[in-house]
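**Student:** My structure is in target07.txt, and what it holds is compact mmCIF, C-alpha atoms:
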```txt
# COMPACT_ATOMS: atom_id res chain seq x y z
CA MET A 1 0.00 0.00 0.00
CA LEU A 2 1.36 3.39 -1.02
CA VAL A 3 1.69 5.93 1.81
CA LYS A 4 2.01 9.73 1.71
CA SER A 5 5.62 9.72 2.88
CA GLN A 6 6.58 7.55 -0.11
CA VAL A 7 4.85 9.92 -2.53
CA LYS A 8 6.61 12.89 -0.95
CA TYR A 9 9.97 11.13 -1.13
CA ILE A 10 9.64 10.18 -4.81
CA GLN A 11 8.51 13.71 -5.68
CA SER A 12 11.50 15.17 -3.84
CA LEU A 13 13.86 13.19 -6.08
CA GLY A 14 12.90 15.48 -8.94
CA GLN A 15 15.34 17.93 -7.35
CA LYS A 16 19.07 17.42 -7.76
CA LYS A 17 19.96 18.32 -4.18
CA PHE A 18 17.80 15.51 -2.81
CA ARG A 19 19.10 12.99 -5.36
CA ASP A 20 22.65 13.94 -4.38
CA GLN A 21 21.88 13.70 -0.66
CA GLU A 22 20.41 10.24 -1.07
CA GLY A 23 22.78 9.10 -3.83
CA VAL A 24 19.87 7.73 -5.85
CA PHE A 25 18.03 8.03 -9.15
CA ILE A 26 14.67 6.97 -10.58
CA ALA A 27 14.01 4.56 -13.45
CA GLU A 28 10.66 3.76 -15.03
CA GLY A 29 9.18 1.17 -17.35
CA PRO A 30 9.59 -2.64 -17.41
CA LYS A 31 12.43 -2.74 -19.94
CA MET A 32 14.70 -0.25 -18.19
CA VAL A 33 13.92 -1.41 -14.66
CA ARG A 34 14.55 -5.08 -15.43
CA GLU A 35 17.80 -4.22 -17.20
CA LEU A 36 19.00 -2.29 -14.16
CA LEU A 37 17.89 -5.09 -11.85
CA LYS A 38 20.39 -7.35 -13.61
CA ALA A 39 23.26 -4.83 -13.38
CA SER A 40 25.85 -5.80 -10.77
CA ASN A 41 26.88 -2.21 -9.95
CA VAL A 42 23.42 -0.79 -9.23
CA GLN A 43 21.48 -1.44 -6.02
CA LEU A 44 17.68 -1.44 -5.99
CA LEU A 45 16.10 0.36 -3.05
CA HIS A 46 12.39 0.10 -3.86
CA LEU A 47 9.93 -0.94 -6.56
CA PHE A 48 6.50 0.61 -7.05
CA ALA A 49 4.57 -1.37 -9.64
CA LEU A 50 1.19 -2.40 -11.02
CA VAL A 51 0.10 -5.99 -10.53
CA SER A 52 0.51 -6.41 -14.32
CA PHE A 53 4.27 -5.91 -13.94
CA ARG A 54 4.48 -8.77 -11.47
CA GLU A 55 2.28 -11.02 -13.61
CA GLU A 56 4.31 -10.23 -16.72
CA GLY A 57 7.52 -11.19 -14.93
CA GLU A 58 6.02 -14.48 -13.78
CA GLU A 59 4.80 -15.28 -17.30
CA LYS A 60 8.23 -14.63 -18.80
CA LYS A 61 9.80 -16.88 -16.21
CA ARG A 62 7.27 -19.63 -17.00
CA ILE A 63 7.96 -19.41 -20.75
CA SER A 64 11.74 -19.17 -20.37
CA PRO A 65 12.80 -20.40 -16.92
CA ALA A 66 16.48 -20.27 -17.88
CA ARG A 67 16.37 -16.47 -18.13
CA GLU A 68 17.76 -15.63 -14.73
CA GLY A 69 16.63 -12.35 -13.19
CA ILE A 70 13.31 -11.82 -14.97
CA PRO A 71 11.00 -12.14 -11.93
CA LEU A 72 13.35 -10.35 -9.54
CA GLU A 73 10.47 -8.20 -8.31
CA ARG A 74 9.11 -11.35 -6.64
CA ARG A 75 12.16 -11.91 -4.46
CA GLU A 76 11.56 -11.35 -0.78
CA ASP A 77 14.73 -9.30 -0.38
CA ILE A 78 13.48 -6.65 -2.82
CA PRO A 79 11.21 -3.94 -1.32
CA PHE A 80 8.04 -4.07 -3.43
CA THR A 81 4.93 -1.90 -3.20
CA GLU A 82 1.98 -2.76 -5.40
CA VAL A 83 0.24 0.40 -6.63
CA THR A 84 -2.81 1.28 -8.68
CA GLU A 85 -2.65 3.15 -11.98
CA GLY A 86 -3.77 6.32 -10.20
CA GLU A 87 -1.05 5.97 -7.58
CA LEU A 88 1.60 5.33 -10.23
CA GLU A 89 0.52 8.53 -11.98
CA ARG A 90 1.18 10.44 -8.75
CA LEU A 91 4.71 9.02 -8.59
CA SER A 92 5.69 8.98 -12.25
CA TYR A 93 7.82 11.53 -14.11
CA LEU A 94 6.59 10.21 -17.47
CA SER A 95 3.70 11.73 -19.40
CA THR A 96 2.36 8.18 -19.70
CA PRO A 97 3.36 6.03 -16.70
CA ASN A 98 4.51 2.55 -17.66
CA GLN A 99 3.78 -0.17 -15.07
CA VAL A 100 6.72 0.37 -12.74
CA LEU A 101 8.90 2.99 -11.05
CA ALA A 102 12.06 2.05 -9.17
CA VAL A 103 14.52 3.86 -6.95
CA PHE A 104 18.16 2.78 -7.38
CA LYS A 105 21.43 3.74 -5.79
CA LYS A 106 23.74 5.47 -8.25
CA PRO A 107 26.02 3.00 -10.06
CA VAL A 108 29.49 2.27 -8.73
CA PHE A 109 32.38 2.12 -11.22
CA PRO A 110 36.09 1.34 -10.99
CA HIS A 111 38.48 4.23 -11.41
CA PRO A 112 38.49 5.12 -15.14
CA ASP A 113 41.65 5.00 -17.22
CA ALA A 114 41.56 7.73 -19.88
CA ASP A 115 44.52 6.15 -21.68
CA GLN A 116 42.37 3.13 -22.51
CA GLY A 117 39.81 3.68 -25.26
CA VAL A 118 37.87 6.73 -26.39
CA SER A 119 36.27 9.12 -23.90
CA LEU A 120 33.58 11.75 -24.47
CA VAL A 121 33.71 15.28 -23.10
CA LEU A 122 30.37 17.10 -22.95
CA ASP A 123 30.67 20.86 -22.66
CA GLY A 124 27.58 22.43 -21.17
CA ILE A 125 24.97 20.07 -22.62
CA GLN A 126 21.82 21.56 -21.13
CA ASP A 127 18.98 19.34 -22.30
CA PRO A 128 18.56 16.27 -20.06
CA GLY A 129 17.11 14.21 -22.90
CA ASN A 130 20.07 15.05 -25.11
CA LEU A 131 22.54 14.13 -22.40
CA GLY A 132 20.85 10.83 -21.63
CA THR A 133 20.69 9.94 -25.31
CA ILE A 134 24.39 10.74 -25.72
CA VAL A 135 25.20 8.34 -22.88
CA ARG A 136 23.16 5.67 -24.65
CA ILE A 137 25.02 6.39 -27.90
CA ALA A 138 28.35 6.17 -26.07
CA ASP A 139 27.31 2.75 -24.76
CA TRP A 140 26.44 1.62 -28.31
CA PHE A 141 29.94 2.48 -29.50
CA GLY A 142 31.67 0.90 -26.51
CA ILE A 143 32.65 4.17 -24.82
CA ARG A 144 32.84 3.72 -21.06
CA GLN A 145 33.68 7.23 -19.83
CA VAL A 146 31.81 10.51 -20.30
CA VAL A 147 33.20 13.63 -18.63
CA CYS A 148 30.75 16.53 -18.28
CA THR A 149 31.48 20.12 -17.40
CA ARG A 150 29.75 21.08 -14.17
CA ASP A 151 27.22 23.27 -15.99
CA SER A 152 25.87 20.28 -17.93
CA ALA A 153 22.52 18.68 -17.16
CA ASP A 154 22.41 16.05 -14.41
CA VAL A 155 22.47 12.56 -15.89
CA PHE A 156 20.60 11.27 -12.83
CA SER A 157 17.60 13.54 -13.34
CA PRO A 158 14.49 11.51 -14.19
CA LYS A 159 14.42 12.60 -17.86
CA ALA A 160 18.15 12.10 -18.47
CA ALA A 161 18.36 8.76 -16.67
CA GLN A 162 15.30 7.53 -18.57
CA SER A 163 16.84 8.59 -21.88
CA THR A 164 19.90 6.39 -21.22
CA MET A 165 17.61 3.31 -21.30
CA GLY A 166 19.85 1.38 -18.91
CA SER A 167 23.19 2.58 -20.28
CA ILE A 168 23.59 4.61 -17.10
CA SER A 169 24.78 1.38 -15.43
CA ARG A 170 27.50 0.77 -18.03
CA VAL A 171 28.84 4.23 -18.86
CA GLN A 172 30.58 6.22 -16.14
CA VAL A 173 29.45 9.85 -16.18
CA SER A 174 31.45 12.30 -14.08
CA TYR A 175 31.24 16.05 -13.50
CA GLU A 176 34.58 17.77 -13.17
CA ASP A 177 37.13 20.00 -14.86
CA PRO A 178 37.79 18.28 -18.22
CA GLU A 179 40.74 20.54 -18.97
CA ALA A 180 42.61 19.27 -15.92
CA ILE A 181 41.92 15.65 -16.82
CA MET A 182 42.98 16.15 -20.42
CA ASP A 183 46.16 17.91 -19.32
CA ARG A 184 47.12 14.79 -17.35
CA HIS A 185 47.04 12.82 -20.61
CA PRO A 186 48.86 15.10 -23.07
CA ALA A 187 49.66 12.29 -25.52
CA LEU A 188 46.00 11.58 -26.29
CA PRO A 189 44.47 13.13 -29.42
CA VAL A 190 41.59 15.55 -28.87
CA TYR A 191 38.80 15.69 -31.44
CA ALA A 192 36.56 18.76 -31.15
CA ALA A 193 33.26 19.07 -33.02
CA VAL A 194 33.27 22.55 -34.60
CA LEU A 195 31.76 24.23 -37.66
CA ASP A 196 35.03 24.88 -39.48
CA GLY A 197 36.92 21.65 -38.83
CA LYS A 198 38.07 18.85 -41.11
CA SER A 199 35.30 16.73 -42.61
CA ILE A 200 34.47 13.78 -40.37
CA TYR A 201 34.25 11.68 -43.52
CA GLU A 202 38.01 12.10 -44.00
CA ALA A 203 38.94 11.22 -40.43
CA GLN A 204 40.67 7.93 -39.65
CA PRO A 205 39.19 5.61 -36.99
CA ILE A 206 40.71 5.96 -33.52
CA THR A 207 41.13 3.62 -30.57
CA ARG A 208 42.20 6.20 -27.95
CA GLY A 209 41.51 9.85 -27.33
CA TRP A 210 38.95 12.49 -26.40
CA VAL A 211 35.91 13.61 -28.39
CA ILE A 212 34.43 16.96 -27.35
CA ILE A 213 30.77 17.82 -27.99
CA GLY A 214 29.80 21.42 -27.28
CA ASN A 215 26.81 23.25 -25.90
CA GLU A 216 23.66 23.15 -28.06
CA SER A 217 23.84 26.87 -28.92
CA LYS A 218 27.26 28.15 -27.82
CA GLY A 219 29.48 25.32 -29.00
CA ILE A 220 32.76 24.48 -27.24
CA ARG A 221 34.27 26.95 -24.79
CA GLU A 222 37.64 28.47 -25.57
CA GLU A 223 39.52 26.67 -22.77
CA LEU A 224 38.63 23.32 -24.30
CA LEU A 225 39.13 24.42 -27.90
CA LYS A 226 42.73 25.30 -27.07
CA ARG A 227 43.37 21.63 -26.35
CA SER A 228 41.93 20.41 -29.63
CA THR A 229 44.40 18.58 -31.86
CA HIS A 230 41.83 17.53 -34.46
CA PRO A 231 38.97 19.98 -35.14
CA ILE A 232 36.28 18.06 -37.02
CA THR A 233 32.90 18.84 -38.55
CA ILE A 234 29.95 17.12 -40.18
CA PRO A 235 29.66 18.72 -43.63
CA ARG A 236 26.32 20.42 -44.22
CA LEU A 237 24.68 19.63 -47.56
CA GLY A 238 21.28 21.20 -46.90
CA GLN A 239 19.96 24.34 -45.24
CA ALA A 240 19.48 23.26 -41.61
CA GLU A 241 21.13 25.68 -39.21
CA SER A 242 22.47 23.05 -36.85
CA LEU A 243 22.26 19.44 -35.68
CA ASN A 244 20.91 18.14 -32.40
CA ALA A 245 23.86 17.41 -30.08
CA ALA A 246 22.93 13.75 -29.64
CA VAL A 247 22.46 13.25 -33.38
CA ALA A 248 25.82 14.90 -34.06
CA THR A 249 27.48 12.67 -31.46
CA GLY A 250 26.12 9.55 -33.12
CA ILE A 251 27.34 10.60 -36.56
CA ILE A 252 30.79 11.55 -35.29
CA LEU A 253 31.29 8.35 -33.30
CA SER A 254 30.09 6.23 -36.22
CA HIS A 255 33.06 7.53 -38.23
CA LEU A 256 35.67 7.73 -35.46
CA VAL A 257 34.99 4.54 -33.51
CA ARG A 258 34.83 1.33 -35.57
```
Rewrite the structure of this file - the entire thing - as structure tokens.

**Tutor:**
Amino acid sequence: MLVKSQVKYIQSLGQKKFRDQEGVFIAEGPKMVRELLKASNVQLLHLFALVSFREEGEEKKRISPAREGIPLERREDIPFTEVTEGELERLSYLSTPNQVLAVFKKPVFPHPDADQGVSLVLDGIQDPGNLGTIVRIADWFGIRQVVCTRDSADVFSPKAAQSTMGSISRVQVSYEDPEAIMDRHPALPVYAAVLDGKSIYEAQPITRGWVIIGNESKGIREELLKRSTHPITIPRLGQAESLNAAVATGIILSHLVR
């Protein structure tokens, strides 16, 4: 049974200061929640779900009993509160609530090694949906580290976390001074997405280095541009003024990381 204190707590997690205090984030929908339930570096704190979510998990287990982890919401060690559709609407951050909302501890990662692989630097990405989608794109291309400037959107906000679709448990997102980190690895190439750079279609694939994606309207700040060794661009063939930051990231990575 849902109680008022639980509603108040979930609603408070819409604010960054409360998420940071608790060290938690919210995930919604069966697909994302079940994916996070199977992640070894993310701890579930509570599930709020319709009875249909439980029944669906039991049916999947019956059809494919070898699929470990599907009916995890039935385990006694997992805090589970069955809610009605009306109650889920009170909790949900989605325009159309989808069966289940879960509260998880933020993922725990080993210390990243910038010298291994390609890392993304996000400079002032403001839109939470864009940021979450970029994290999902990074996961698709095997990128395990995303460094955000401190004025970027919070990846653990409900909209951003939801947009990662589970990639938040596999891609380490940190908020710090990217210039300082990059300066500690001077041998790594730095690719910066700018309007007047070399065509991305002419770039050679890379296995190590930094890729900088700038703010949606302002681009990349001067301090970061100074560290660019390879300014790159996506040639414009039509009349569109600009590309969405997440779309641009996908195009760039598809040519740089193979």

**Student:** What's the 12 Å shell around Ile213 in chain A, counting all atoms listed in the file, without same-chain residues fewer than 6 positions away, as JSON, numbers by chain?

**Tutor:** {"A": [119, 120, 121, 122, 123, 124, 125, 126, 130, 131, 134, 146, 147, 148, 149, 152, 190, 191, 192, 193, 194, 195, 219, 220, 221, 224, 225, 228, 231, 232, 233, 243, 244, 245, 246, 247, 248, 249, 250, 251, 252, 253]}

**Student:** So, with all atoms listed in the file as the atoms that count, which of A:Leu88, A:Met32, A:Val42, A:Ala180 lies closest to Phe109 in chain A?

**Tutor:**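 Using all atoms listed in the file, Phe109 in chain A sits closest to A:Val42.
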
**Student:** What separation in Å, quoted to one decimal, exists between CA of Gly209 in chain A and CA of His255 in chain A?

**Tutor:** 14.0 Å

**Student:** For each of A:Ile137, A:Leu47, A:Ile143, A:Ile78, take the minimum atom-to-atom distance to Ala114 in chain A, counting only C-alpha atoms, then give the residue where this is smallest.

**Tutor:**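 Of the candidates, the smallest distance to Ala114 in chain A is held by A:Ile143.
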
**Student:** Can you work out which one of A:Glu35, A:Asp113, A:Glu55, A:Glu179 has the shortest atom-to-atom distance to Ile212 in chain A, counting all atoms listed in the file?

**Tutor:** A:Glu179

**Student:** Of the residues A:Lys159, A:Arg258, A:Arg19, A:His111, which is the one nearest to Ser174 in chain A, using only C-alpha atoms?

**Tutor:** A:His111

**Student:** (5.1, 13.0, -9.5) in this file's frame - what residues fall within 8 Å of it? Use only C-alpha atoms and give the answer as a list in words.

**Tutor:**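 The distance filter leaves exactly Val7, Ile10, Gln11, Glu89, Arg90, Leu91, Ser92 and Tyr93 of chain A.
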
**Student:** Produce the centre coordinates and the three edge lengths, each in Å to one decimal, of the box along x, y and z that contains all listed atoms of range 183-191 of chain A with 6 Å added on each side, as AutoDock Vina command-line options.

**Tutor:**
```
--center_x 44.2 --center_y 14.7 --center_z -24.4 --size_x 22.9 --size_y 18.3 --size_z 26.1
```

**Student:** Select all residues near (14.7, 15.4, -7.9) (cut-off 12 Å, inclusive, file coordinates), counting all atoms listed in the file, and output them as a PDB file with C-alpha atoms, in the coordinates of the input.

**Tutor:**
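What ended up in selection.pdb:
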```
ATOM      1  CA  LYS A   8       6.610  12.890  -0.950  1.00  0.00           C
ATOM      2  CA  TYR A   9       9.970  11.130  -1.130  1.00  0.00           C
ATOM      3  CA  ILE A  10       9.640  10.180  -4.810  1.00  0.00           C
ATOM      4  CA  GLN A  11       8.510  13.710  -5.680  1.00  0.00           C
ATOM      5  CA  SER A  12      11.500  15.170  -3.840  1.00  0.00           C
ATOM      6  CA  LEU A  13      13.860  13.190  -6.080  1.00  0.00           C
ATOM      7  CA  GLY A  14      12.900  15.480  -8.940  1.00  0.00           C
ATOM      8  CA  GLN A  15      15.340  17.930  -7.350  1.00  0.00           C
ATOM      9  CA  LYS A  16      19.070  17.420  -7.760  1.00  0.00           C
ATOM     10  CA  LYS A  17      19.960  18.320  -4.180  1.00  0.00           C
ATOM     11  CA  PHE A  18      17.800  15.510  -2.810  1.00  0.00           C
ATOM     12  CA  ARG A  19      19.100  12.990  -5.360  1.00  0.00           C
ATOM     13  CA  ASP A  20      22.650  13.940  -4.380  1.00  0.00           C
ATOM     14  CA  GLN A  21      21.880  13.700  -0.660  1.00  0.00           C
ATOM     15  CA  GLU A  22      20.410  10.240  -1.070  1.00  0.00           C
ATOM     16  CA  GLY A  23      22.780   9.100  -3.830  1.00  0.00           C
ATOM     17  CA  VAL A  24      19.870   7.730  -5.850  1.00  0.00           C
ATOM     18  CA  PHE A  25      18.030   8.030  -9.150  1.00  0.00           C
ATOM     19  CA  ILE A  26      14.670   6.970 -10.580  1.00  0.00           C
ATOM     20  CA  LEU A  91       4.710   9.020  -8.590  1.00  0.00           C
ATOM     21  CA  SER A  92       5.690   8.980 -12.250  1.00  0.00           C
ATOM     22  CA  TYR A  93       7.820  11.530 -14.110  1.00  0.00           C
ATOM     23  CA  VAL A 103      14.520   3.860  -6.950  1.00  0.00           C
ATOM     24  CA  ASP A 154      22.410  16.050 -14.410  1.00  0.00           C
ATOM     25  CA  VAL A 155      22.470  12.560 -15.890  1.00  0.00           C
ATOM     26  CA  PHE A 156      20.600  11.270 -12.830  1.00  0.00           C
ATOM     27  CA  SER A 157      17.600  13.540 -13.340  1.00  0.00           C
ATOM     28  CA  PRO A 158      14.490  11.510 -14.190  1.00  0.00           C
ATOM     29  CA  LYS A 159      14.420  12.600 -17.860  1.00  0.00           C
ATOM     30  CA  ALA A 160      18.150  12.100 -18.470  1.00  0.00           C
ATOM     31  CA  ALA A 161      18.360   8.760 -16.670  1.00  0.00           C
TER      32      ALA A 161
END
```

**Student:** For each of A:Gly214, A:Gly238, A:Gly142, A:Pro79, take the minimum atom-to-atom distance to Ala102 in chain A, counting only C-alpha atoms, then give the residue where this is smallest.

**Tutor:**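 Ranking A:Gly214, A:Gly238, A:Gly142, A:Pro79 by distance to Ala102 in chain A, first place goes to A:Pro79.
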
**Student:** Using CA of Pro186 in chain A and CA of Lys226 in chain A as the two end points, give the distance in Å to one decimal.

**Tutor:** 12.6 Å

**Student:** In terms of the shortest atom-to-atom distance over all atoms listed in the file, which of A:Trp210, A:Phe80, A:Phe141, A:Tyr175 is closest to Val257 in chain A?

**Tutor:**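 Residue with the minimum atom-to-atom distance to Val257 in chain A: A:Phe141.
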
**Student:** Can you tell me how far CA of Arg227 in chain A sits from CA of Ser167 in chain A, in Å to one decimal?

**Tutor:**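 Between these atoms lies a distance of 28.4 Å.
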
**Student:** Considering only C-alpha atoms, return as a PyMOL selection string whatever protein or nucleic-acid residues lie within 12 Å of Pro97 in chain A, sequence-local ones (same chain, fewer than 5 positions apart) excluded.

**Tutor:** chain A and resi 27-30+48-50+83-92
